[in-house]
>>> print(open('input-v9.pdb').read())   # PDB, C-alpha atoms and all ligand atoms
MODEL        1
ATOM      1  CA  MET A   1      -1.893  11.732   7.179
ATOM      2  CA  PHE A   2       0.040   8.616   8.044
ATOM      3  CA  ASN A   3       3.777   8.979   7.647
ATOM      4  CA  ARG A   4       7.130   7.623   8.720
ATOM      5  CA  ARG A   5       7.137   9.437  12.079
ATOM      6  CA  ASN A   6       3.746   7.945  13.058
ATOM      7  CA  PHE A   7       4.867   4.526  11.928
ATOM      8  CA  LEU A   8       7.962   4.619  14.132
ATOM      9  CA  LYS A   9       5.925   5.830  17.085
ATOM     10  CA  LEU A  10       3.429   3.017  16.631
ATOM     11  CA  ALA A  11       6.159   0.468  16.191
ATOM     12  CA  GLY A  12       7.661   1.607  19.492
ATOM     13  CA  LEU A  13      10.835   2.588  17.721
ATOM     14  CA  ALA A  14      12.766   5.677  18.722
ATOM     15  CA  ALA A  15      13.137   7.925  15.676
ATOM     16  CA  PRO A  16      15.339   8.547  13.877
ATOM     17  CA  THR A  17      17.354   5.418  14.637
ATOM     18  CA  ILE A  18      15.549   2.124  14.319
ATOM     19  CA  GLY A  19      16.671  -0.004  17.219
ATOM     20  CA  LEU A  20      14.850  -2.723  19.083
ATOM     21  CA  ALA A  21      15.856  -1.240  22.438
ATOM     22  CA  SER A  22      13.150  -3.067  24.344
ATOM     23  CA  CYS A  23      14.163  -6.500  23.088
ATOM     24  CA  ALA A  24      16.662  -8.786  24.713
ATOM     25  CA  PRO A  25      20.218  -8.365  23.384
ATOM     26  CA  GLN A  26      20.503 -10.097  20.044
ATOM     27  CA  THR A  27      23.066 -12.792  19.609
ATOM     28  CA  VAL A  28      24.100 -13.451  16.068
ATOM     29  CA  THR A  29      25.671 -16.818  15.620
ATOM     30  CA  THR A  30      24.801 -19.545  13.191
ATOM     31  CA  GLU A  31      22.394 -17.507  11.052
ATOM     32  CA  MET A  32      25.184 -15.536   9.407
ATOM     33  CA  PRO A  33      25.931 -16.001   5.720
ATOM     34  CA  MET A  34      29.048 -17.917   4.686
ATOM     35  CA  GLY A  35      32.232 -16.155   5.675
ATOM     36  CA  ALA A  36      30.578 -13.413   7.704
ATOM     37  CA  GLY A  37      31.933 -12.443  11.095
ATOM     38  CA  THR A  38      29.927 -12.692  14.278
ATOM     39  CA  GLN A  39      30.863  -9.397  15.905
ATOM     40  CA  GLN A  40      28.319  -6.590  16.003
ATOM     41  CA  GLY A  41      29.413  -3.100  15.014
ATOM     42  CA  GLY A  42      31.494  -2.262  11.979
ATOM     43  CA  THR A  43      31.654  -5.914  10.980
ATOM     44  CA  ALA A  44      29.695  -8.094   8.629
ATOM     45  CA  ALA A  45      26.886  -8.350  11.176
ATOM     46  CA  GLY A  46      26.708  -4.582  11.369
ATOM     47  CA  ASP A  47      26.674  -4.335   7.576
ATOM     48  CA  MET A  48      23.794  -6.782   7.439
ATOM     49  CA  ASP A  49      21.797  -4.763   9.959
ATOM     50  CA  ALA A  50      22.460  -1.607   7.941
ATOM     51  CA  MET A  51      21.103  -3.229   4.769
ATOM     52  CA  HIS A  52      17.967  -4.383   6.585
ATOM     53  CA  GLU A  53      17.451  -0.927   8.091
ATOM     54  CA  LYS A  54      17.881   0.743   4.700
ATOM     55  CA  GLY A  55      15.073  -1.359   3.216
ATOM     56  CA  VAL A  56      12.693  -0.549   6.052
ATOM     57  CA  LYS A  57      13.552   3.169   5.750
ATOM     58  CA  THR A  58      12.733   3.082   2.035
ATOM     59  CA  PHE A  59       9.383   1.421   2.837
ATOM     60  CA  LEU A  60       8.585   4.067   5.446
ATOM     61  CA  ASP A  61       9.635   6.955   3.204
ATOM     62  CA  ASN A  62       7.416   5.563   0.449
ATOM     63  CA  ILE A  63       4.216   5.306   2.515
ATOM     64  CA  GLY A  64       1.348   7.028   0.748
ATOM     65  CA  LYS A  65       3.435   7.940  -2.295
ATOM     66  CA  ASP A  66       2.297   5.130  -4.594
ATOM     67  CA  LYS A  67      -1.333   6.157  -5.034
ATOM     68  CA  ALA A  68      -1.940   3.445  -7.628
ATOM     69  CA  PHE A  69      -0.925   0.531  -5.370
ATOM     70  CA  TRP A  70      -4.450  -0.370  -4.201
ATOM     71  CA  GLY A  71      -5.952   0.062  -7.661
ATOM     72  CA  THR A  72      -8.983   1.943  -8.887
ATOM     73  CA  PRO A  73     -12.103   0.365 -10.362
ATOM     74  CA  LEU A  74     -12.198   0.724 -14.143
ATOM     75  CA  LYS A  75     -14.883   3.180 -15.296
ATOM     76  CA  SER A  76     -17.697   1.718 -17.346
ATOM     77  CA  ASP A  77     -20.148   3.181 -19.832
ATOM     78  CA  ASP A  78     -23.804   2.242 -19.573
ATOM     79  CA  LYS A  79     -25.114   1.146 -22.958
ATOM     80  CA  ASP A  80     -28.055  -1.060 -24.053
ATOM     81  CA  GLY A  81     -28.515  -2.233 -20.461
ATOM     82  CA  PHE A  82     -24.870  -3.319 -20.207
ATOM     83  CA  LYS A  83     -21.961  -2.056 -18.146
ATOM     84  CA  VAL A  84     -19.344  -1.672 -20.859
ATOM     85  CA  PHE A  85     -15.617  -1.880 -20.108
ATOM     86  CA  GLU A  86     -12.680  -1.635 -22.496
ATOM     87  CA  ILE A  87      -9.276  -3.160 -21.963
ATOM     88  CA  THR A  88      -6.226  -3.112 -24.189
ATOM     89  CA  CYS A  89      -3.543  -5.787 -23.973
ATOM     90  CA  LYS A  90      -0.140  -4.217 -24.563
ATOM     91  CA  GLU A  91       3.485  -4.400 -23.549
ATOM     92  CA  ALA A  92       4.658  -1.751 -21.120
ATOM     93  CA  ASP A  93       7.710  -1.009 -19.014
ATOM     94  CA  TRP A  94       6.767  -1.899 -15.434
ATOM     95  CA  GLU A  95       8.698  -1.058 -12.284
ATOM     96  CA  THR A  96       8.234  -3.426  -9.357
ATOM     97  CA  ALA A  97      10.492  -0.957  -7.519
ATOM     98  CA  PRO A  98       9.312   2.484  -8.710
ATOM     99  CA  GLY A  99      12.084   5.049  -8.902
ATOM    100  CA  SER A 100      14.831   2.451  -8.768
ATOM    101  CA  GLY A 101      15.577   3.004 -12.456
ATOM    102  CA  THR A 102      14.988  -0.609 -13.416
ATOM    103  CA  SER A 103      11.938  -1.804 -15.268
ATOM    104  CA  ILE A 104      10.827  -4.990 -16.940
ATOM    105  CA  LYS A 105       8.886  -5.590 -20.135
ATOM    106  CA  ALA A 106       5.517  -6.525 -18.738
ATOM    107  CA  MET A 107       2.397  -7.676 -20.597
ATOM    108  CA  THR A 108      -0.417  -5.486 -19.338
ATOM    109  CA  TYR A 109      -4.090  -4.637 -19.427
ATOM    110  CA  ASN A 110      -4.253  -0.862 -19.981
ATOM    111  CA  GLY A 111      -0.562  -0.423 -19.130
ATOM    112  CA  ILE A 112      -0.664  -1.464 -15.468
ATOM    113  CA  VAL A 113       0.061  -4.548 -13.326
ATOM    114  CA  PRO A 114      -2.265  -5.840 -11.975
ATOM    115  CA  GLY A 115      -4.751  -4.823 -14.668
ATOM    116  CA  PRO A 116      -7.485  -2.406 -13.591
ATOM    117  CA  GLU A 117     -10.022  -3.767 -11.126
ATOM    118  CA  ILE A 118     -13.387  -4.516 -12.738
ATOM    119  CA  ARG A 119     -16.136  -4.195 -10.125
ATOM    120  CA  VAL A 120     -19.799  -4.852 -10.846
ATOM    121  CA  THR A 121     -22.903  -5.836  -8.891
ATOM    122  CA  GLU A 122     -24.678  -9.196  -8.940
ATOM    123  CA  GLY A 123     -27.241  -9.129 -11.752
ATOM    124  CA  ASP A 124     -25.366  -6.596 -13.893
ATOM    125  CA  ASN A 125     -25.073  -7.296 -17.602
ATOM    126  CA  VAL A 126     -21.361  -6.972 -18.358
ATOM    127  CA  ARG A 127     -19.704  -6.293 -21.718
ATOM    128  CA  VAL A 128     -15.900  -6.197 -21.921
ATOM    129  CA  ILE A 129     -14.290  -5.191 -25.216
ATOM    130  CA  VAL A 130     -10.742  -6.520 -25.396
ATOM    131  CA  HIS A 131      -8.216  -5.094 -27.869
ATOM    132  CA  ASN A 132      -4.961  -6.917 -28.514
ATOM    133  CA  GLU A 133      -1.871  -4.831 -29.248
ATOM    134  CA  LEU A 134       0.570  -7.526 -28.114
ATOM    135  CA  GLY A 135       2.995  -9.222 -30.471
ATOM    136  CA  GLN A 136       1.202 -12.532 -29.797
ATOM    137  CA  SER A 137      -2.386 -13.761 -29.628
ATOM    138  CA  THR A 138      -4.310 -13.777 -26.380
ATOM    139  CA  ALA A 139      -7.758 -14.365 -24.812
ATOM    140  CA  VAL A 140      -9.355 -13.390 -21.506
ATOM    141  CA  HIS A 141     -10.670 -15.955 -19.060
ATOM    142  CA  TRP A 142     -13.062 -14.776 -16.315
ATOM    143  CA  HIS A 143     -11.713 -16.880 -13.489
ATOM    144  CA  GLY A 144     -14.408 -17.996 -11.047
ATOM    145  CA  VAL A 145     -17.221 -16.204 -12.872
ATOM    146  CA  LEU A 146     -20.261 -18.299 -13.860
ATOM    147  CA  LEU A 147     -21.038 -17.512 -17.497
ATOM    148  CA  PRO A 148     -22.074 -19.041 -20.838
ATOM    149  CA  ASN A 149     -19.462 -21.458 -22.179
ATOM    150  CA  LYS A 150     -18.678 -19.392 -25.300
ATOM    151  CA  MET A 151     -17.591 -16.483 -23.058
ATOM    152  CA  ASP A 152     -15.070 -18.568 -21.082
ATOM    153  CA  GLY A 153     -12.016 -17.282 -22.955
ATOM    154  CA  VAL A 154     -10.097 -20.430 -23.841
ATOM    155  CA  PRO A 155      -8.651 -20.370 -27.397
ATOM    156  CA  PHE A 156      -9.647 -23.276 -29.658
ATOM    157  CA  ILE A 157     -12.089 -24.545 -27.033
ATOM    158  CA  THR A 158     -14.576 -21.680 -26.725
ATOM    159  CA  GLN A 159     -13.277 -19.038 -29.157
ATOM    160  CA  PRO A 160     -10.510 -18.332 -31.667
ATOM    161  CA  PRO A 161      -7.462 -16.578 -30.165
ATOM    162  CA  ILE A 162      -7.580 -12.781 -30.326
ATOM    163  CA  LYS A 163      -4.750 -12.060 -32.761
ATOM    164  CA  HIS A 164      -2.566  -8.949 -32.777
ATOM    165  CA  GLY A 165      -4.646  -5.984 -33.923
ATOM    166  CA  GLU A 166      -7.964  -7.755 -33.312
ATOM    167  CA  SER A 167     -10.671  -7.210 -30.713
ATOM    168  CA  PHE A 168     -13.126  -9.553 -29.020
ATOM    169  CA  THR A 169     -16.250  -8.711 -27.036
ATOM    170  CA  TYR A 170     -17.251 -10.727 -23.987
ATOM    171  CA  GLU A 171     -20.805 -10.488 -22.660
ATOM    172  CA  PHE A 172     -22.333 -12.151 -19.635
ATOM    173  CA  THR A 173     -24.534 -11.504 -16.622
ATOM    174  CA  ALA A 174     -22.710 -11.330 -13.284
ATOM    175  CA  ARG A 175     -24.413 -14.155 -11.374
ATOM    176  CA  ASN A 176     -22.154 -15.241  -8.525
ATOM    177  CA  PRO A 177     -20.942 -12.499  -6.183
ATOM    178  CA  GLY A 178     -17.435 -12.656  -4.751
ATOM    179  CA  SER A 179     -13.740 -12.063  -5.403
ATOM    180  CA  HIS A 180     -12.835 -13.342  -8.850
ATOM    181  CA  MET A 181     -10.109 -12.603 -11.386
ATOM    182  CA  TYR A 182      -9.580 -12.126 -15.098
ATOM    183  CA  HIS A 183      -6.453 -13.255 -16.889
ATOM    184  CA  SER A 184      -5.005 -14.548 -20.118
ATOM    185  CA  HIS A 185      -5.649 -18.180 -21.067
ATOM    186  CA  HIS A 186      -3.111 -18.233 -23.917
ATOM    187  CA  ASN A 187       0.614 -18.833 -23.379
ATOM    188  CA  ALA A 188      -0.474 -18.297 -19.785
ATOM    189  CA  VAL A 189       2.782 -19.148 -18.039
ATOM    190  CA  GLU A 190       4.302 -16.118 -19.733
ATOM    191  CA  GLN A 191       1.279 -13.854 -20.269
ATOM    192  CA  VAL A 192      -0.262 -14.159 -16.803
ATOM    193  CA  THR A 193       2.898 -14.038 -14.722
ATOM    194  CA  LYS A 194       4.162 -11.092 -16.781
ATOM    195  CA  GLY A 195       1.045  -9.118 -15.937
ATOM    196  CA  LEU A 196      -2.073 -10.088 -17.923
ATOM    197  CA  LEU A 197      -4.169 -10.435 -14.767
ATOM    198  CA  GLY A 198      -6.584  -8.379 -12.749
ATOM    199  CA  PRO A 199      -9.270  -8.493 -10.049
ATOM    200  CA  PHE A 200     -12.900  -9.063 -11.095
ATOM    201  CA  ILE A 201     -15.178  -8.325  -8.167
ATOM    202  CA  ILE A 202     -18.917  -8.956  -8.109
ATOM    203  CA  GLU A 203     -20.582  -7.174  -5.195
ATOM    204  CA  PRO A 204     -23.592  -9.030  -3.755
ATOM    205  CA  LYS A 205     -26.974  -7.385  -4.279
ATOM    206  CA  ASP A 206     -27.682  -8.016  -0.624
ATOM    207  CA  LYS A 207     -24.574  -6.788   1.213
ATOM    208  CA  THR A 208     -25.716  -8.270   4.515
ATOM    209  CA  LYS A 209     -24.643 -11.670   3.147
ATOM    210  CA  ASP A 210     -21.013 -10.664   3.837
ATOM    211  CA  PRO A 211     -19.631  -9.772   7.274
ATOM    212  CA  ALA A 212     -19.556  -6.006   7.952
ATOM    213  CA  TYR A 213     -16.316  -4.131   7.220
ATOM    214  CA  ASP A 214     -15.020  -0.557   7.106
ATOM    215  CA  ALA A 215     -12.409  -0.830   4.356
ATOM    216  CA  ASP A 216     -11.806  -3.136   1.413
ATOM    217  CA  TYR A 217      -8.347  -4.058   0.090
ATOM    218  CA  THR A 218      -7.251  -6.437  -2.675
ATOM    219  CA  LEU A 219      -3.824  -8.079  -2.638
ATOM    220  CA  VAL A 220      -2.869  -9.765  -5.905
ATOM    221  CA  LEU A 221      -0.023 -12.225  -5.342
ATOM    222  CA  ASN A 222       2.382 -12.961  -8.180
ATOM    223  CA  ASP A 223       5.781 -14.549  -8.796
ATOM    224  CA  THR A 224       7.854 -15.782 -11.727
ATOM    225  CA  GLY A 225       7.280 -13.335 -14.666
ATOM    226  CA  ILE A 226       7.479 -10.034 -12.816
ATOM    227  CA  GLY A 227       8.967 -11.596  -9.675
ATOM    228  CA  LEU A 228       7.664 -11.942  -6.124
ATOM    229  CA  THR A 229       5.142  -9.144  -5.817
ATOM    230  CA  LEU A 230       2.050  -7.828  -4.065
ATOM    231  CA  ASN A 231      -0.096  -5.744  -6.422
ATOM    232  CA  GLY A 232       2.811  -5.588  -8.884
ATOM    233  CA  ARG A 233       5.350  -4.200  -6.375
ATOM    234  CA  GLY A 234       8.072  -5.816  -4.288
ATOM    235  CA  PHE A 235       9.066  -4.689  -0.789
ATOM    236  CA  PRO A 236      10.187  -2.028   0.095
ATOM    237  CA  TYR A 237       7.974  -0.527  -2.646
ATOM    238  CA  THR A 238       4.736  -2.088  -1.390
ATOM    239  CA  GLN A 239       2.214  -0.001   0.570
ATOM    240  CA  PRO A 240       0.894  -0.820   4.058
ATOM    241  CA  ILE A 241      -2.776  -1.095   4.919
ATOM    242  CA  VAL A 242      -3.463   1.751   7.358
ATOM    243  CA  ALA A 243      -6.460   1.420   9.700
ATOM    244  CA  THR A 244      -7.691   3.006  12.875
ATOM    245  CA  LYS A 245      -8.170   1.004  16.040
ATOM    246  CA  GLY A 246     -11.505  -0.811  16.068
ATOM    247  CA  GLN A 247     -11.937  -0.838  12.304
ATOM    248  CA  LYS A 248     -12.686  -4.034  10.464
ATOM    249  CA  VAL A 249     -10.690  -4.452   7.274
ATOM    250  CA  ARG A 250     -11.597  -6.812   4.456
ATOM    251  CA  ILE A 251      -8.666  -8.250   2.502
ATOM    252  CA  ARG A 252      -9.183 -10.132  -0.762
ATOM    253  CA  TYR A 253      -6.211 -12.384  -1.581
ATOM    254  CA  MET A 254      -5.867 -13.412  -5.211
ATOM    255  CA  ASN A 255      -3.015 -15.658  -6.338
ATOM    256  CA  GLU A 256      -2.093 -15.193 -10.012
ATOM    257  CA  GLY A 257       1.366 -16.776  -9.643
ATOM    258  CA  LEU A 258       2.720 -20.303 -10.048
ATOM    259  CA  LEU A 259       3.511 -20.884  -6.361
ATOM    260  CA  ILE A 260       1.609 -21.088  -3.085
ATOM    261  CA  HIS A 261       1.902 -18.089  -0.780
ATOM    262  CA  PRO A 262       1.008 -18.465   2.920
ATOM    263  CA  MET A 263       0.082 -14.894   3.875
ATOM    264  CA  HIS A 264       0.931 -14.328   7.513
ATOM    265  CA  LEU A 265      -0.239 -11.336   9.536
ATOM    266  CA  HIS A 266       1.422 -10.505  12.833
ATOM    267  CA  GLY A 267      -0.554  -9.479  15.910
ATOM    268  CA  LEU A 268      -4.097  -9.656  14.503
ATOM    269  CA  GLU A 269      -6.191 -12.699  13.611
ATOM    270  CA  GLN A 270      -7.757 -13.168  10.189
ATOM    271  CA  LEU A 271     -11.356 -14.388   9.922
ATOM    272  CA  ILE A 272     -11.451 -16.410   6.709
ATOM    273  CA  PHE A 273     -15.032 -16.190   5.443
ATOM    274  CA  ALA A 274     -14.910 -16.876   1.694
ATOM    275  CA  LYS A 275     -12.994 -19.186  -0.624
ATOM    276  CA  ASP A 276     -12.958 -18.568  -4.393
ATOM    277  CA  GLY A 277     -15.820 -16.096  -4.002
ATOM    278  CA  TRP A 278     -18.084 -18.517  -2.127
ATOM    279  CA  ASN A 279     -18.929 -17.618   1.453
ATOM    280  CA  LEU A 280     -18.023 -20.476   3.795
ATOM    281  CA  PRO A 281     -20.720 -22.234   5.830
ATOM    282  CA  THR A 282     -18.451 -21.802   8.869
ATOM    283  CA  PRO A 283     -15.882 -18.991   8.783
ATOM    284  CA  TYR A 284     -12.689 -19.784  10.709
ATOM    285  CA  TYR A 285      -9.711 -17.956  12.205
ATOM    286  CA  GLY A 286      -6.036 -18.158  11.315
ATOM    287  CA  ASP A 287      -2.921 -16.040  11.352
ATOM    288  CA  THR A 288      -1.694 -17.565   8.082
ATOM    289  CA  VAL A 289      -3.773 -18.053   4.945
ATOM    290  CA  VAL A 290      -2.287 -20.400   2.350
ATOM    291  CA  VAL A 291      -3.286 -19.070  -1.057
ATOM    292  CA  GLY A 292      -2.625 -21.490  -3.898
ATOM    293  CA  PRO A 293      -2.404 -20.570  -7.590
ATOM    294  CA  GLY A 294      -5.849 -19.559  -8.867
ATOM    295  CA  GLU A 295      -7.316 -19.331  -5.359
ATOM    296  CA  ARG A 296      -8.980 -16.372  -3.670
ATOM    297  CA  TYR A 297      -9.598 -15.989   0.035
ATOM    298  CA  ASP A 298     -11.565 -13.199   1.674
ATOM    299  CA  VAL A 299     -10.774 -12.341   5.268
ATOM    300  CA  ILE A 300     -11.834  -9.795   7.864
ATOM    301  CA  VAL A 301      -9.217  -8.372  10.212
ATOM    302  CA  ASP A 302     -10.502  -6.783  13.416
ATOM    303  CA  CYS A 303      -7.889  -4.086  14.088
ATOM    304  CA  HIS A 304      -8.078  -4.377  17.867
ATOM    305  CA  THR A 305      -4.458  -3.666  18.768
ATOM    306  CA  GLU A 306      -2.423  -0.629  17.789
ATOM    307  CA  GLY A 307       0.921  -1.063  16.146
ATOM    308  CA  ALA A 308       2.822  -1.582  12.939
ATOM    309  CA  TRP A 309       2.243  -5.254  12.214
ATOM    310  CA  ALA A 310       4.434  -7.052   9.704
ATOM    311  CA  PHE A 311       2.413  -8.796   6.981
ATOM    312  CA  HIS A 312       4.157 -11.149   4.579
ATOM    313  CA  CYS A 313       4.319 -14.422   2.699
ATOM    314  CA  HIS A 314       5.757 -17.012   5.075
ATOM    315  CA  ILE A 315       7.744 -18.894   2.473
ATOM    316  CA  LEU A 316      10.794 -17.085   3.785
ATOM    317  CA  SER A 317      12.609 -17.162   0.471
ATOM    318  CA  HIS A 318       9.747 -14.954  -0.813
ATOM    319  CA  ALA A 319      10.224 -12.408   1.971
ATOM    320  CA  GLU A 320      13.567 -12.007   3.705
ATOM    321  CA  SER A 321      17.229 -12.621   2.956
ATOM    322  CA  ALA A 322      20.633 -11.572   4.275
ATOM    323  CA  GLN A 323      20.108  -8.282   2.418
ATOM    324  CA  GLY A 324      16.846  -7.619   4.261
ATOM    325  CA  MET A 325      13.170  -7.981   3.530
ATOM    326  CA  PHE A 326      12.080  -8.084  -0.122
ATOM    327  CA  GLY A 327       9.264  -9.320  -2.337
ATOM    328  CA  MET A 328       6.008 -10.296  -0.661
ATOM    329  CA  VAL A 329       6.175  -8.111   2.412
ATOM    330  CA  THR A 330       4.047  -5.210   3.586
ATOM    331  CA  ALA A 331       2.505  -4.106   6.908
ATOM    332  CA  LEU A 332      -0.856  -3.498   8.524
ATOM    333  CA  VAL A 333      -0.703  -0.382  10.657
ATOM    334  CA  VAL A 334      -3.332   0.219  13.331
ATOM    335  CA  GLN A 335      -3.354   3.815  14.549
TER     336      GLN A 335
HETATM  337 CU    CU B 401       5.197 -16.593  -1.203
ENDMDL
END
>>> encode(input="input-v9.pdb", output="structure tokens")
Amino acid sequence: MFNRRNFLKLAGLAAPTIGLASCAPQTVTTEMPMGAGTQQGGTAAGDMDAMHEKGVKTFLDNIGKDKAFWGTPLKSDDKDGFKVFEITCKEADWETAPGSGTSIKAMTYNGIVPGPEIRVTEGDNVRVIVHNELGQSTAVHWHGVLLPNKMDGVPFITQPPIKHGESFTYEFTARNPGSHMYHSHHNAVEQVTKGLLGPFIIEPKDKTKDPAYDADYTLVLNDTGIGLTLNGRGFPYTQPIVATKGQKVRIRYMNEGLLIHPMHLHGLEQLIFAKDGWNLPTPYYGDTVVVGPGERYDVIVDCHTEGAWAFHCHILSHAESAQGMFGMVTALVVQ
């Protein structure tokens, strides 16, 4: 079981106090907020450190406690040769910081943000029955999925909107494997960023077409409606990826927000091998993957070096302030 004690050990930090003893003495000068002093210890600088430490402690204490963070594939029924899924669009109170006592009115599929992962295999016949219990109309677009035009989910172009109390059934054959998404295509700036979004993954029939990996993680990036979040949570309430040395981890980035998010991983390189579900002719390496709205990138991380590696959006106003780290921050821990 991975816990706070292991994390501190891996990070080279002496429990219980988090101090960067091995680093050169820190000088705090021009980076201080307006009006703050420059003396360490009992001053504004000390207060700032304490706030940062508190956030990291909350993150560490929360490791493994949010079982829902990485999502669970939605169960399907097999009927008439179809994999049948049911989703209900409804408002729900959603906590981006569970236990903090504050929640927002989210728009959800089945009560959660992101909506439940739908995972099928190339060639599957898919039927998704969508019920609308929202106070406004909606429709579901299968983002990146090749399908018949009338199943594309755009009101007044391919179907009437699904009004409150109504249902609509989508049917198509999963043709193109890869990391896709499903989301609202009606009043989208509100409906999508407030939570009507989810991963839609089509596994290839022939798995040797993808690079080999030991674990598979999806990170849905969002902003605006529910704020700067990874899988519907903001740091310190995100969960780290925990791997053992030598493992290869697949990460599927999906951006459902309105902004770009350059996802930067410390200490380990990312092999970018697919864009928008399509495997690249030539995979390439980077430490930062810029994920634009609507885009998906699939990467493999070879966990070759032990440690607790910070992992965050590198638009710094999405990740760290005078109060400490927040929003689009997590970690990849190699044990
Ligand atoms: Cu960002």
>>> axis_aligned_box(input="input-v9.pdb", around="region 125-137 of chain A", padding_each_side="4 Å", output="lines of an AutoDock Vina configuration file")
center_x = -11.0
center_y = -9.3
center_z = -24.0
size_x = 36.1
size_y = 16.9
size_z = 20.9
>>> residues_around(input="input-v9.pdb", residues="Ala97 (chain A)", least_positions_apart="6", cutoff="12 Å", atoms="all atoms listed in the file", output="ChimeraX atom specification")
/A:55,58-59,62,66,69,103-104,226-239,326-327
>>> residues_near_ligand(input="input-v9.pdb", ligand="ligand CU 401 (chain B)", cutoff="9 Å", atoms="only C-alpha atoms and all ligand atoms", output="ChimeraX atom specification")
/A:221-223,228-229,259-263,291,312-319,327-328
>>> resolve_selection(input="input-v9.pdb", expression="the PyMOL selection byres (((chain A and resi 241-249) around 7) and not hetatm)", output="list in words")
Tyr213, Asp214, Ala215, Asp216, Gln239, Pro240, Arg250, Ile251, Ile300, Val301, Asp302, Cys303, His304, Thr305, Glu306, Ala331, Leu332, Val333, Val334 and Gln335 of chain A
>>> residues_around(input="input-v9.pdb", residues="Gly286 (chain A)", least_positions_apart="5", cutoff="7 Å", atoms="all atoms listed in the file", output="list in words")
Glu269, Gln270 and Leu271 of chain A
>>> closest_residue(input="input-v9.pdb", among="A:Ala174, A:Val140, A:Val289, A:Leu147", to="Gly198 (chain A)", atoms="only C-alpha atoms")
A:Val140
>>> residues_around(input="input-v9.pdb", residues="Leu258 (chain A)", least_positions_apart="2", cutoff="9 Å", atoms="only C-alpha atoms", output="list in words")
Val189, Thr193, Asn222, Asp223, Thr224, Asn255, Glu256, Ile260, Gly292, Pro293 and Gly294 of chain A
>>> closest_residue(input="input-v9.pdb", among="A:Ile162, A:Val299, A:Val290, A:Ala188", to="Ala274 (chain A)", atoms="all atoms listed in the file")
A:Val299
>>> closest_residue(input="input-v9.pdb", among="A:Ile87, A:Met48, A:Leu196, A:Val130", to="Lys75 (chain A)", atoms="only C-alpha atoms")
A:Ile87
>>> residues_around(input="input-v9.pdb", residues="Lys205 (chain A)", least_positions_apart="2", cutoff="9 Å", atoms="only C-alpha atoms", output="number ranges by chain")
A: 121-123, 177, 203, 207-209
>>> residues_around(input="input-v9.pdb", residues="Leu197 (chain A)", least_positions_apart="3", cutoff="8 Å", atoms="all atoms listed in the file", output="PDB file with C-alpha atoms, in the frame of the given file")
ATOM      1  CA  THR A 108      -0.417  -5.486 -19.338  1.00  0.00           C
ATOM      2  CA  TYR A 109      -4.090  -4.637 -19.427  1.00  0.00           C
ATOM      3  CA  VAL A 113       0.061  -4.548 -13.326  1.00  0.00           C
ATOM      4  CA  PRO A 114      -2.265  -5.840 -11.975  1.00  0.00           C
ATOM      5  CA  GLY A 115      -4.751  -4.823 -14.668  1.00  0.00           C
ATOM      6  CA  MET A 181     -10.109 -12.603 -11.386  1.00  0.00           C
ATOM      7  CA  TYR A 182      -9.580 -12.126 -15.098  1.00  0.00           C
ATOM      8  CA  HIS A 183      -6.453 -13.255 -16.889  1.00  0.00           C
ATOM      9  CA  SER A 184      -5.005 -14.548 -20.118  1.00  0.00           C
ATOM     10  CA  VAL A 192      -0.262 -14.159 -16.803  1.00  0.00           C
ATOM     11  CA  THR A 193       2.898 -14.038 -14.722  1.00  0.00           C
ATOM     12  CA  GLU A 256      -2.093 -15.193 -10.012  1.00  0.00           C
TER      13      GLU A 256
END
